[in-house]
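start_28.tsv (TSV, C-alpha atoms) appears below.
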```
chain	number	residue	atom	x	y	z
E	241	MET	CA	163.96	-61.11	-130.16
E	242	VAL	CA	167.21	-60.88	-132.13
E	243	ALA	CA	167.55	-61.96	-135.77
E	244	ARG	CA	170.84	-61.87	-137.63
E	245	CYS	CA	171.54	-61.27	-141.30
E	246	SER	CA	175.01	-60.24	-142.55
E	247	ARG	CA	175.38	-56.52	-141.92
E	248	TYR	CA	172.19	-56.19	-139.92
E	249	ARG	CA	171.30	-56.98	-136.33
E	250	TYR	CA	167.59	-56.68	-135.64
E	251	ILE	CA	166.48	-56.01	-132.08
E	252	SER	CA	162.98	-55.38	-130.73
E	253	GLY	CA	163.03	-52.55	-128.25
E	254	PRO	CA	162.27	-48.88	-127.58
E	255	HIS	CA	163.01	-46.28	-130.23
E	256	ILE	CA	166.05	-44.19	-129.36
E	257	GLY	CA	165.97	-41.54	-132.05
E	258	TYR	CA	167.42	-41.24	-135.54
E	259	LEU	CA	168.36	-38.77	-138.23
E	260	GLU	CA	165.71	-37.93	-140.79
E	261	THR	CA	167.95	-35.71	-142.89
E	262	MET	CA	167.51	-36.04	-146.61
E	263	PRO	CA	170.72	-36.33	-148.68
E	264	ILE	CA	172.16	-32.99	-149.72
E	265	PRO	CA	170.76	-32.37	-153.24
E	266	ILE	CA	173.29	-32.95	-155.99
E	267	SER	CA	173.22	-32.29	-159.70
E	268	VAL	CA	175.05	-33.82	-162.63
E	269	ALA	CA	177.52	-30.93	-162.33
E	270	ASP	CA	178.69	-32.48	-159.06
E	271	LEU	CA	179.46	-35.88	-160.58
E	272	PRO	CA	183.00	-36.84	-161.72
E	273	PRO	CA	183.08	-35.07	-165.11
E	274	ILE	CA	185.17	-37.60	-167.04
E	275	VAL	CA	183.02	-40.54	-166.01
E	276	TRP	CA	179.73	-38.63	-166.43
E	277	GLU	CA	180.63	-37.46	-169.94
E	278	ARG	CA	181.63	-40.99	-170.90
E	279	VAL	CA	178.38	-42.41	-169.49
E	280	ARG	CA	176.30	-39.94	-171.50
E	281	GLY	CA	178.34	-40.59	-174.64
E	282	SER	CA	178.07	-44.36	-174.15
E	283	LEU	CA	174.29	-44.13	-173.82
E	284	ARG	CA	174.11	-42.14	-177.07
E	285	ASP	CA	176.29	-44.73	-178.79
E	286	LEU	CA	174.13	-47.55	-177.43
E	287	ASP	CA	170.94	-45.79	-178.54
E	288	ALA	CA	172.38	-45.60	-182.06
E	289	HIS	CA	172.38	-49.41	-182.17
E	290	ARG	CA	168.78	-49.85	-181.00
E	291	PRO	CA	167.01	-52.11	-181.38
E	292	LEU	CA	169.92	-54.19	-180.13
E	293	PRO	CA	170.41	-57.64	-181.69
E	294	ALA	CA	168.17	-60.16	-179.91
E	295	ASP	CA	171.00	-62.65	-179.37
E	296	ALA	CA	173.21	-59.96	-177.82
E	297	VAL	CA	170.41	-58.83	-175.49
E	298	LYS	CA	169.71	-62.41	-174.39
E	299	ALA	CA	173.38	-63.08	-173.68
E	300	LEU	CA	173.74	-59.86	-171.70
E	301	ARG	CA	170.52	-60.46	-169.79
E	302	ASP	CA	171.52	-64.01	-168.88
E	303	GLN	CA	174.97	-62.88	-167.79
E	304	LEU	CA	173.68	-59.99	-165.69
E	305	ARG	CA	171.00	-62.16	-164.12
E	306	VAL	CA	173.71	-64.42	-162.70
E	307	LEU	CA	176.14	-61.63	-161.80
E	308	HIS	CA	173.54	-59.46	-160.08
E	309	THR	CA	172.12	-62.42	-158.17
E	310	TYR	CA	175.52	-63.60	-156.97
E	311	HIS	CA	176.90	-60.21	-155.94
E	312	SER	CA	173.69	-58.82	-154.43
E	313	ASN	CA	173.24	-61.95	-152.33
E	314	ALA	CA	176.92	-62.22	-151.40
E	315	ILE	CA	176.88	-58.64	-150.11
E	316	GLU	CA	174.24	-59.83	-147.62
E	317	GLY	CA	176.15	-62.94	-146.56
E	318	ASN	CA	174.94	-65.67	-148.96
E	319	SER	CA	177.65	-68.37	-149.11
E	320	LEU	CA	177.17	-69.54	-152.73
E	321	THR	CA	180.12	-68.79	-154.99
E	322	LEU	CA	179.65	-67.28	-158.43
E	323	LYS	CA	180.14	-70.71	-160.03
E	324	GLU	CA	177.66	-72.30	-157.63
E	325	THR	CA	175.12	-69.53	-158.24
E	326	ARG	CA	175.41	-70.14	-161.99
E	327	LEU	CA	174.87	-73.88	-161.50
E	328	VAL	CA	171.79	-73.28	-159.34
E	329	LEU	CA	170.25	-70.84	-161.81
E	330	GLU	CA	171.22	-72.39	-165.14
E	331	GLU	CA	171.32	-76.11	-164.34
E	332	GLY	CA	168.93	-76.34	-161.39
E	333	ILE	CA	171.64	-78.11	-159.39
E	334	THR	CA	171.50	-78.31	-155.59
E	335	ILE	CA	174.87	-77.50	-154.04
E	336	GLY	CA	175.91	-79.92	-151.31
E	337	GLY	CA	176.66	-78.39	-147.93
E	338	LYS	CA	174.80	-75.16	-148.72
E	339	SER	CA	171.59	-74.19	-146.95
E	340	LEU	CA	168.08	-74.14	-148.38
E	341	ARG	CA	168.04	-70.40	-147.68
E	342	ASP	CA	171.14	-69.86	-149.83
E	343	HIS	CA	169.41	-71.65	-152.71
E	344	LEU	CA	166.12	-69.80	-152.25
E	345	GLU	CA	167.91	-66.46	-152.15
E	346	ALA	CA	169.54	-67.28	-155.48
E	347	THR	CA	166.40	-68.43	-157.30
E	348	ASN	CA	164.24	-65.69	-155.77
E	349	ASN	CA	166.65	-62.88	-156.60
E	350	ALA	CA	167.10	-64.14	-160.16
E	351	ARG	CA	163.33	-64.33	-160.64
E	352	ALA	CA	162.95	-60.80	-159.30
E	353	PHE	CA	165.71	-59.59	-161.66
E	354	GLU	CA	163.81	-61.04	-164.63
E	355	TRP	CA	160.59	-59.39	-163.41
E	356	VAL	CA	162.31	-56.00	-163.12
E	357	TRP	CA	163.80	-56.30	-166.62
E	358	ASP	CA	160.38	-57.10	-168.12
E	359	LEU	CA	158.54	-54.46	-166.10
E	360	ALA	CA	160.78	-51.54	-167.05
E	361	LYS	CA	159.18	-48.89	-169.23
E	362	PRO	CA	159.40	-45.09	-169.63
E	363	ARG	CA	157.81	-43.01	-166.87
E	364	LEU	CA	157.24	-46.06	-164.66
E	365	ARG	CA	156.30	-44.89	-161.16
E	366	VAL	CA	157.76	-46.62	-158.14
E	367	ASP	CA	155.31	-46.93	-155.26
E	368	HIS	CA	154.56	-48.98	-152.15
E	369	ALA	CA	152.94	-51.82	-154.09
E	370	LEU	CA	155.95	-52.17	-156.38
E	371	ILE	CA	158.62	-52.40	-153.69
E	372	GLN	CA	156.42	-54.69	-151.58
E	373	GLN	CA	155.98	-57.00	-154.56
E	374	LEU	CA	159.74	-56.95	-155.12
E	375	HIS	CA	160.29	-57.85	-151.49
E	376	GLU	CA	157.75	-60.67	-151.63
E	377	MET	CA	159.55	-62.18	-154.63
E	378	ILE	CA	162.99	-61.86	-153.02
E	379	THR	CA	162.04	-63.31	-149.61
E	380	ARG	CA	159.36	-65.84	-150.67
E	381	GLY	CA	159.75	-69.02	-148.62
E	382	ILE	CA	162.33	-67.29	-146.41
E	383	LEU	CA	160.44	-64.69	-144.35
E	384	GLU	CA	156.97	-64.99	-142.90
E	385	SER	CA	156.63	-61.24	-143.45
E	386	ALA	CA	157.53	-61.40	-147.15
E	387	GLY	CA	156.07	-58.38	-148.93
E	388	ARG	CA	155.05	-56.59	-145.73
E	389	TYR	CA	156.62	-53.61	-143.99
E	390	ARG	CA	158.19	-54.30	-140.61
E	391	THR	CA	156.30	-53.62	-137.39
E	392	GLU	CA	159.40	-53.66	-135.15
E	393	GLN	CA	162.17	-51.17	-134.48
E	394	VAL	CA	165.49	-52.32	-135.94
E	395	TRP	CA	169.13	-51.37	-135.57
E	396	ILE	CA	171.91	-51.77	-138.14
E	397	GLY	CA	175.02	-53.32	-136.61
E	398	GLY	CA	178.11	-51.13	-137.02
E	399	ALA	CA	176.20	-48.14	-138.43
E	400	ARG	CA	175.40	-44.79	-136.82
E	401	HIS	CA	172.12	-44.56	-138.67
E	402	ILE	CA	169.10	-45.90	-136.82
E	403	PRO	CA	166.20	-46.71	-139.18
E	404	PRO	CA	162.89	-44.95	-138.49
E	405	GLN	CA	160.16	-46.32	-136.29
E	406	PRO	CA	157.61	-48.50	-138.13
E	407	ALA	CA	154.98	-45.74	-137.98
E	408	LYS	CA	157.24	-43.46	-140.04
E	409	ILE	CA	157.98	-45.92	-142.84
E	410	VAL	CA	154.97	-45.04	-145.00
E	411	PRO	CA	155.25	-41.24	-144.59
E	412	LEU	CA	158.97	-41.26	-145.37
E	413	LEU	CA	158.50	-43.45	-148.44
E	414	ASP	CA	155.54	-41.33	-149.53
E	415	ALA	CA	157.87	-38.31	-149.47
E	416	ALA	CA	160.53	-40.19	-151.45
E	417	PHE	CA	158.07	-41.45	-154.08
E	418	ALA	CA	156.72	-37.90	-154.47
E	419	GLU	CA	160.23	-36.48	-154.86
E	420	ILE	CA	161.47	-38.97	-157.48
E	421	PRO	CA	159.49	-37.62	-160.50
E	422	ALA	CA	160.89	-34.14	-159.81
E	423	ILE	CA	164.46	-35.41	-160.31
E	424	GLN	CA	165.04	-34.86	-164.01
E	425	GLU	CA	168.17	-36.97	-164.54
E	426	PRO	CA	167.33	-40.72	-164.51
E	427	VAL	CA	170.73	-41.68	-163.08
E	428	LEU	CA	170.18	-39.39	-160.10
E	429	ARG	CA	166.64	-40.75	-159.68
E	430	SER	CA	168.05	-44.27	-159.47
E	431	ILE	CA	170.71	-43.24	-156.96
E	432	TYR	CA	168.19	-41.36	-154.81
E	433	LEU	CA	165.74	-44.28	-154.83
E	434	HIS	CA	168.48	-46.74	-153.91
E	435	HIS	CA	169.55	-44.72	-150.91
E	436	ARG	CA	166.07	-43.83	-149.65
E	437	ILE	CA	164.94	-47.46	-149.55
E	438	ALA	CA	168.13	-48.45	-147.75
E	439	TYR	CA	167.77	-45.50	-145.36
E	440	VAL	CA	164.12	-46.10	-144.44
E	441	HIS	CA	164.82	-49.84	-144.17
E	442	PRO	CA	161.12	-50.73	-144.51
E	443	PHE	CA	161.44	-54.52	-144.20
E	444	LEU	CA	162.84	-56.84	-141.54
E	445	ASP	CA	165.29	-58.31	-144.05
E	446	GLY	CA	166.06	-57.97	-147.75
E	447	ASN	CA	166.20	-54.15	-147.82
E	448	GLY	CA	169.52	-53.99	-149.69
E	449	ARG	CA	168.36	-56.46	-152.33
E	450	VAL	CA	165.12	-54.53	-152.83
E	451	ALA	CA	167.01	-51.22	-153.04
E	452	ARG	CA	169.46	-52.54	-155.65
E	453	LEU	CA	166.73	-54.02	-157.84
E	454	ALA	CA	164.49	-50.95	-157.54
E	455	ALA	CA	167.45	-48.79	-158.56
E	456	ASN	CA	168.07	-51.02	-161.58
E	457	LEU	CA	164.41	-50.77	-162.50
E	458	ALA	CA	164.78	-46.99	-162.60
E	459	LEU	CA	167.83	-47.32	-164.86
E	460	LEU	CA	166.23	-49.84	-167.21
E	461	SER	CA	163.13	-47.64	-167.51
E	462	ALA	CA	165.38	-44.85	-168.80
E	463	ARG	CA	167.20	-47.03	-171.41
E	464	TYR	CA	170.28	-47.56	-169.24
E	465	PRO	CA	171.55	-51.07	-168.55
E	466	PRO	CA	171.33	-52.45	-165.01
E	467	ILE	CA	174.39	-52.27	-162.82
E	468	VAL	CA	176.17	-54.83	-160.66
E	469	LEU	CA	177.65	-53.75	-157.33
E	470	ARG	CA	180.38	-56.26	-156.53
E	471	VAL	CA	180.79	-58.01	-153.19
E	472	SER	CA	184.49	-57.09	-153.30
E	473	ASP	CA	183.36	-53.45	-152.99
E	474	ARG	CA	181.06	-54.22	-150.05
E	475	LEU	CA	182.93	-52.13	-147.48
E	476	ARG	CA	183.09	-49.11	-149.77
E	477	TYR	CA	179.40	-49.57	-150.58
E	478	TYR	CA	178.46	-49.45	-146.90
E	479	LYS	CA	180.84	-46.56	-146.26
E	480	TYR	CA	179.23	-44.46	-148.99
E	481	LEU	CA	175.72	-45.37	-147.85
E	482	GLN	CA	176.72	-44.18	-144.38
E	483	ALA	CA	177.95	-40.88	-145.84
E	484	ALA	CA	174.59	-40.50	-147.61
E	485	ASP	CA	172.81	-41.29	-144.34
E	486	ASP	CA	174.78	-38.40	-142.83
E	487	GLY	CA	173.65	-36.06	-145.63
E	488	ASP	CA	176.39	-36.36	-148.26
E	489	LEU	CA	175.08	-38.28	-151.27
E	490	LEU	CA	177.98	-37.50	-153.63
E	491	PRO	CA	180.40	-40.34	-152.68
E	492	PHE	CA	177.61	-42.89	-153.12
E	493	ALA	CA	176.50	-41.27	-156.39
E	494	SER	CA	180.06	-41.38	-157.75
E	495	PHE	CA	180.39	-45.03	-156.72
E	496	VAL	CA	177.17	-46.00	-158.53
E	497	LEU	CA	178.15	-43.93	-161.58
E	498	ARG	CA	181.37	-45.96	-161.93
E	499	ALA	CA	179.33	-49.18	-161.89
E	500	LEU	CA	177.04	-47.76	-164.59
E	501	ASP	CA	180.06	-46.80	-166.69
E	502	GLU	CA	181.26	-50.41	-166.51
E	503	SER	CA	177.84	-51.75	-167.47
E	504	LEU	CA	177.60	-49.49	-170.50
E	505	THR	CA	181.13	-50.53	-171.52
E	506	SER	CA	180.01	-54.19	-171.41
E	507	PHE	CA	176.88	-53.50	-173.47
E	508	LEU	CA	178.79	-51.60	-176.14
E	509	ALA	CA	181.37	-54.37	-176.30
E	510	ALA	CA	178.56	-56.73	-177.31
E	511	VAL	CA	177.45	-54.64	-180.31
E	512	GLU	CA	180.63	-52.92	-181.56
E	513	PRO	CA	183.57	-55.15	-182.59
E	514	GLU	CA	186.12	-52.40	-181.92
E	515	ARG	CA	184.88	-52.23	-178.32
E	516	ALA	CA	185.35	-55.96	-177.69
E	517	LEU	CA	186.81	-56.45	-174.22
E	518	VAL	CA	190.34	-57.80	-173.86
E	519	PRO	CA	192.56	-58.05	-170.76
E	520	LEU	CA	194.61	-54.97	-169.97
E	521	ARG	CA	197.78	-57.06	-170.14
E	522	VAL	CA	197.02	-57.59	-173.84
E	523	LEU	CA	196.30	-53.91	-174.46
E	524	ALA	CA	199.47	-52.94	-172.60
E	525	ARG	CA	201.55	-54.88	-175.14
E	526	ARG	CA	200.07	-52.67	-177.86
E	527	SER	CA	200.93	-49.38	-176.14
E	528	ARG	CA	203.89	-47.75	-174.44
E	529	TYR	CA	202.15	-48.00	-171.07
E	530	SER	CA	202.43	-50.86	-168.59
E	531	GLN	CA	199.56	-53.03	-167.42
E	532	GLU	CA	200.00	-51.54	-163.93
E	533	TYR	CA	199.61	-47.99	-165.25
E	534	LEU	CA	196.53	-48.85	-167.32
E	535	SER	CA	195.01	-50.64	-164.32
E	536	LEU	CA	195.56	-47.51	-162.24
E	537	ARG	CA	193.81	-45.37	-164.86
E	538	ALA	CA	190.95	-47.87	-164.97
E	539	ARG	CA	190.57	-47.72	-161.17
E	540	GLN	CA	190.57	-43.92	-161.37
E	541	GLY	CA	187.79	-44.00	-163.97
E	542	VAL	CA	189.90	-42.28	-166.62
E	543	LEU	CA	190.11	-45.35	-168.88
E	544	ALA	CA	186.83	-47.06	-169.76
E	545	ALA	CA	187.20	-50.58	-168.38
E	546	VAL	CA	185.32	-53.44	-166.73
E	547	LYS	CA	186.47	-55.63	-163.87
E	548	ILE	CA	185.70	-59.29	-164.59
E	549	GLU	CA	186.40	-61.81	-161.82
E	550	GLY	CA	189.23	-59.70	-160.42
E	551	ASP	CA	190.91	-58.65	-163.70
E	552	TRP	CA	190.51	-55.41	-165.63
E	553	TYR	CA	189.36	-55.53	-169.26
E	554	SER	CA	189.11	-52.71	-171.78
E	555	SER	CA	189.04	-52.29	-175.56
E	556	ARG	CA	191.20	-51.00	-178.37
E	557	LYS	CA	188.77	-48.11	-178.87
E	558	ALA	CA	188.78	-47.18	-175.19
E	559	LEU	CA	192.58	-47.17	-175.15
E	560	SER	CA	192.68	-45.13	-178.36
E	561	ASP	CA	190.20	-42.61	-176.92
E	562	TYR	CA	192.24	-42.34	-173.72
E	563	LEU	CA	195.54	-41.81	-175.58
E	564	GLU	CA	193.93	-39.22	-177.86
E	565	LYS	CA	192.58	-37.28	-174.89
E	566	LEU	CA	195.95	-37.59	-173.14
E	567	GLY	CA	197.66	-36.10	-176.19
E	568	ARG	CA	195.21	-33.18	-176.37
E	569	ASN	CA	195.79	-32.33	-172.72
E	570	ARG	CA	199.58	-32.10	-173.06
```
How does the structure come out when it is put into structure tokens?
Amino acid sequence: MVARCSRYRYISGPHIGYLETMPIPISVADLPPIVWERVRGSLRDLDAHRPLPADAVKALRDQLRVLHTYHSNAIEGNSLTLKETRLVLEEGITIGGKSLRDHLEATNNARAFEWVWDLAKPRLRVDHALIQQLHEMITRGILESAGRYRTEQVWIGGARHIPPQPAKIVPLLDAAFAEIPAIQEPVLRSIYLHHRIAYVHPFLDGNGRVARLAANLALLSARYPPIVLRVSDRLRYYKYLQAADDGDLLPFASFVLRALDESLTSFLAAVEPERALVPLRVLARRSRYSQEYLSLRARQGVLAAVKIEGDWYSSRKALSDYLEKLGRNR
């Protein structure tokens, strides 16, 4: 039997061996220092505004619900556009020419996102029941095995990593769930959880969506906002997961950290007027630097910025902070 789903090609057959190496342990000292320091400072600034205004939280939650659903599904091959995803979720509209599965993936993922947001609390423990419930919500009406671990060997098309045999799923996840509480930094816990679910690949389909939502649950439980991994970064995402599969977690950790930096920038923009997001082309007119240069610094993670539908946005405060730091370093 062969089933196809975006990146994955599932084949029943004999087990041919796989790596069971855990990612090389990393600490916050290994993370890109500029981005890590900004993330920690942004969280402190956000904490200073808690409790956040209810209308701001609702707007952010609604926006992230749509963005996460669109990008997480699109990474796996869902054909709905961002606009179509928003229409399905906010207006209940059926999109002509799109499959029932595409629609179910959108509504299921959005419902699971809401569940994760509401479930988050300090010291929440992730276990088998939690990720199986997440999977059941995500694949309800799509997979007969919704909420149940796979009983077949699978292969991932284009990847060197071969997921473990079904008999090893529970022991490997047991080890991961036991390790997570020992990881002191919540960001690293989220990154580790994300990779381990993707690595063990416990379900026939929907593993990436479960991993991304479980990772966001870990962030939300530690007062961080959820992140959105964009479909435009899909190839880099898979590349860094492959590196983690091979034992090097740092590229994937740095990739996720950049997404968290963007999410915190968006949250602060909603509660601090001086952090309101404006296009870089507008900020460039107020500085001696070109839009191209500021875009480069945003891509490098030096300037706090958010990519919105292909364009970079930042704030007057972020630009001021960058220029001040630039002046000190000269």
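Surrounding residues of (173.5, -63.6, -164.3) at most 10 Å away are Ala299, Leu300, Arg301, Asp302, Gln303, Leu304, Arg305, Val306, Leu307, His308, Thr309, Tyr310, His311, Leu322, Thr325, Arg326, Leu329, Glu330, Ala350, Phe353 and Val468 of chain E (based on all atoms listed in the file).
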Counting all atoms listed in the file, which residues of stretch 361-412 of chain E sit at most 10 Å from some atom of stretch 342-346 of chain E, and what is each one's closest atom pair with its distance in Å to one decimal, listed by chain and rising residue number, as a tab-separated table?
```
residue	atom	partner	partner_atom	distance
E:Met377	CA	E:Glu345	CA	9.7
E:Ile378	CA	E:Glu345	CA	6.8
E:Thr379	CA	E:Glu345	CA	7.1
E:Arg380	CA	E:Leu344	CA	8.0
E:Gly381	CA	E:Leu344	CA	7.4
E:Ile382	CA	E:Leu344	CA	7.4
```
Which neighbours of E:Ser472 fall inside 12 Å, counting all atoms listed in the file, when residues of the same chain fewer than 2 positions from it are skipped, and could you give them as a ChimeraX atom specification?
-> /E:310-312,314-315,468-470,474-478,547-550
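By all atoms listed in the file, and with residues fewer than 2 positions from E:Leu413 along its chain excluded, the set lying at most 9 Å from it is Asp367, His368, Lys408, Ile409, Val410, Pro411, Ala415, Ala416, Phe417, Ala418, Arg436, Ile437, Val440 and Pro442 of chain E.
Distances to E:Leu520 were evaluated for E:Ala545, E:Arg463, E:Glu277, E:Asp501 using only C-alpha atoms, and the minimum falls at E:Ala545.
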Could you give me, as a PDB file with C-alpha atoms, in the frame of the given file, the residues within 9 Å of E:Leu459, counting all atoms listed in the file and dropping anything in the same chain fewer than 3 positions from it?
```
ATOM      1  CA  ALA E 360     160.780 -51.540-167.050  1.00  0.00           C
ATOM      2  CA  PRO E 426     167.330 -40.720-164.510  1.00  0.00           C
ATOM      3  CA  VAL E 427     170.730 -41.680-163.080  1.00  0.00           C
ATOM      4  CA  ARG E 429     166.640 -40.750-159.680  1.00  0.00           C
ATOM      5  CA  SER E 430     168.050 -44.270-159.470  1.00  0.00           C
ATOM      6  CA  ALA E 454     164.490 -50.950-157.540  1.00  0.00           C
ATOM      7  CA  ALA E 455     167.450 -48.790-158.560  1.00  0.00           C
ATOM      8  CA  ASN E 456     168.070 -51.020-161.580  1.00  0.00           C
ATOM      9  CA  ALA E 462     165.380 -44.850-168.800  1.00  0.00           C
ATOM     10  CA  ARG E 463     167.200 -47.030-171.410  1.00  0.00           C
ATOM     11  CA  TYR E 464     170.280 -47.560-169.240  1.00  0.00           C
ATOM     12  CA  PRO E 465     171.550 -51.070-168.550  1.00  0.00           C
ATOM     13  CA  PRO E 466     171.330 -52.450-165.010  1.00  0.00           C
ATOM     14  CA  ILE E 467     174.390 -52.270-162.820  1.00  0.00           C
TER      15      ILE E 467
END
```
Polymer residues at most 10 Å from E:Ala407, all atoms listed in the file, same-chain spacing of 5 or more positions, as a list of chain:residue names = E:Arg390, E:Thr391, E:Glu392, E:Gln393, E:Leu412
May I ask for the distance between atom CA of E:His289 and atom CA of E:Val511, given in Å to one decimal place?
-> 7.5 Å
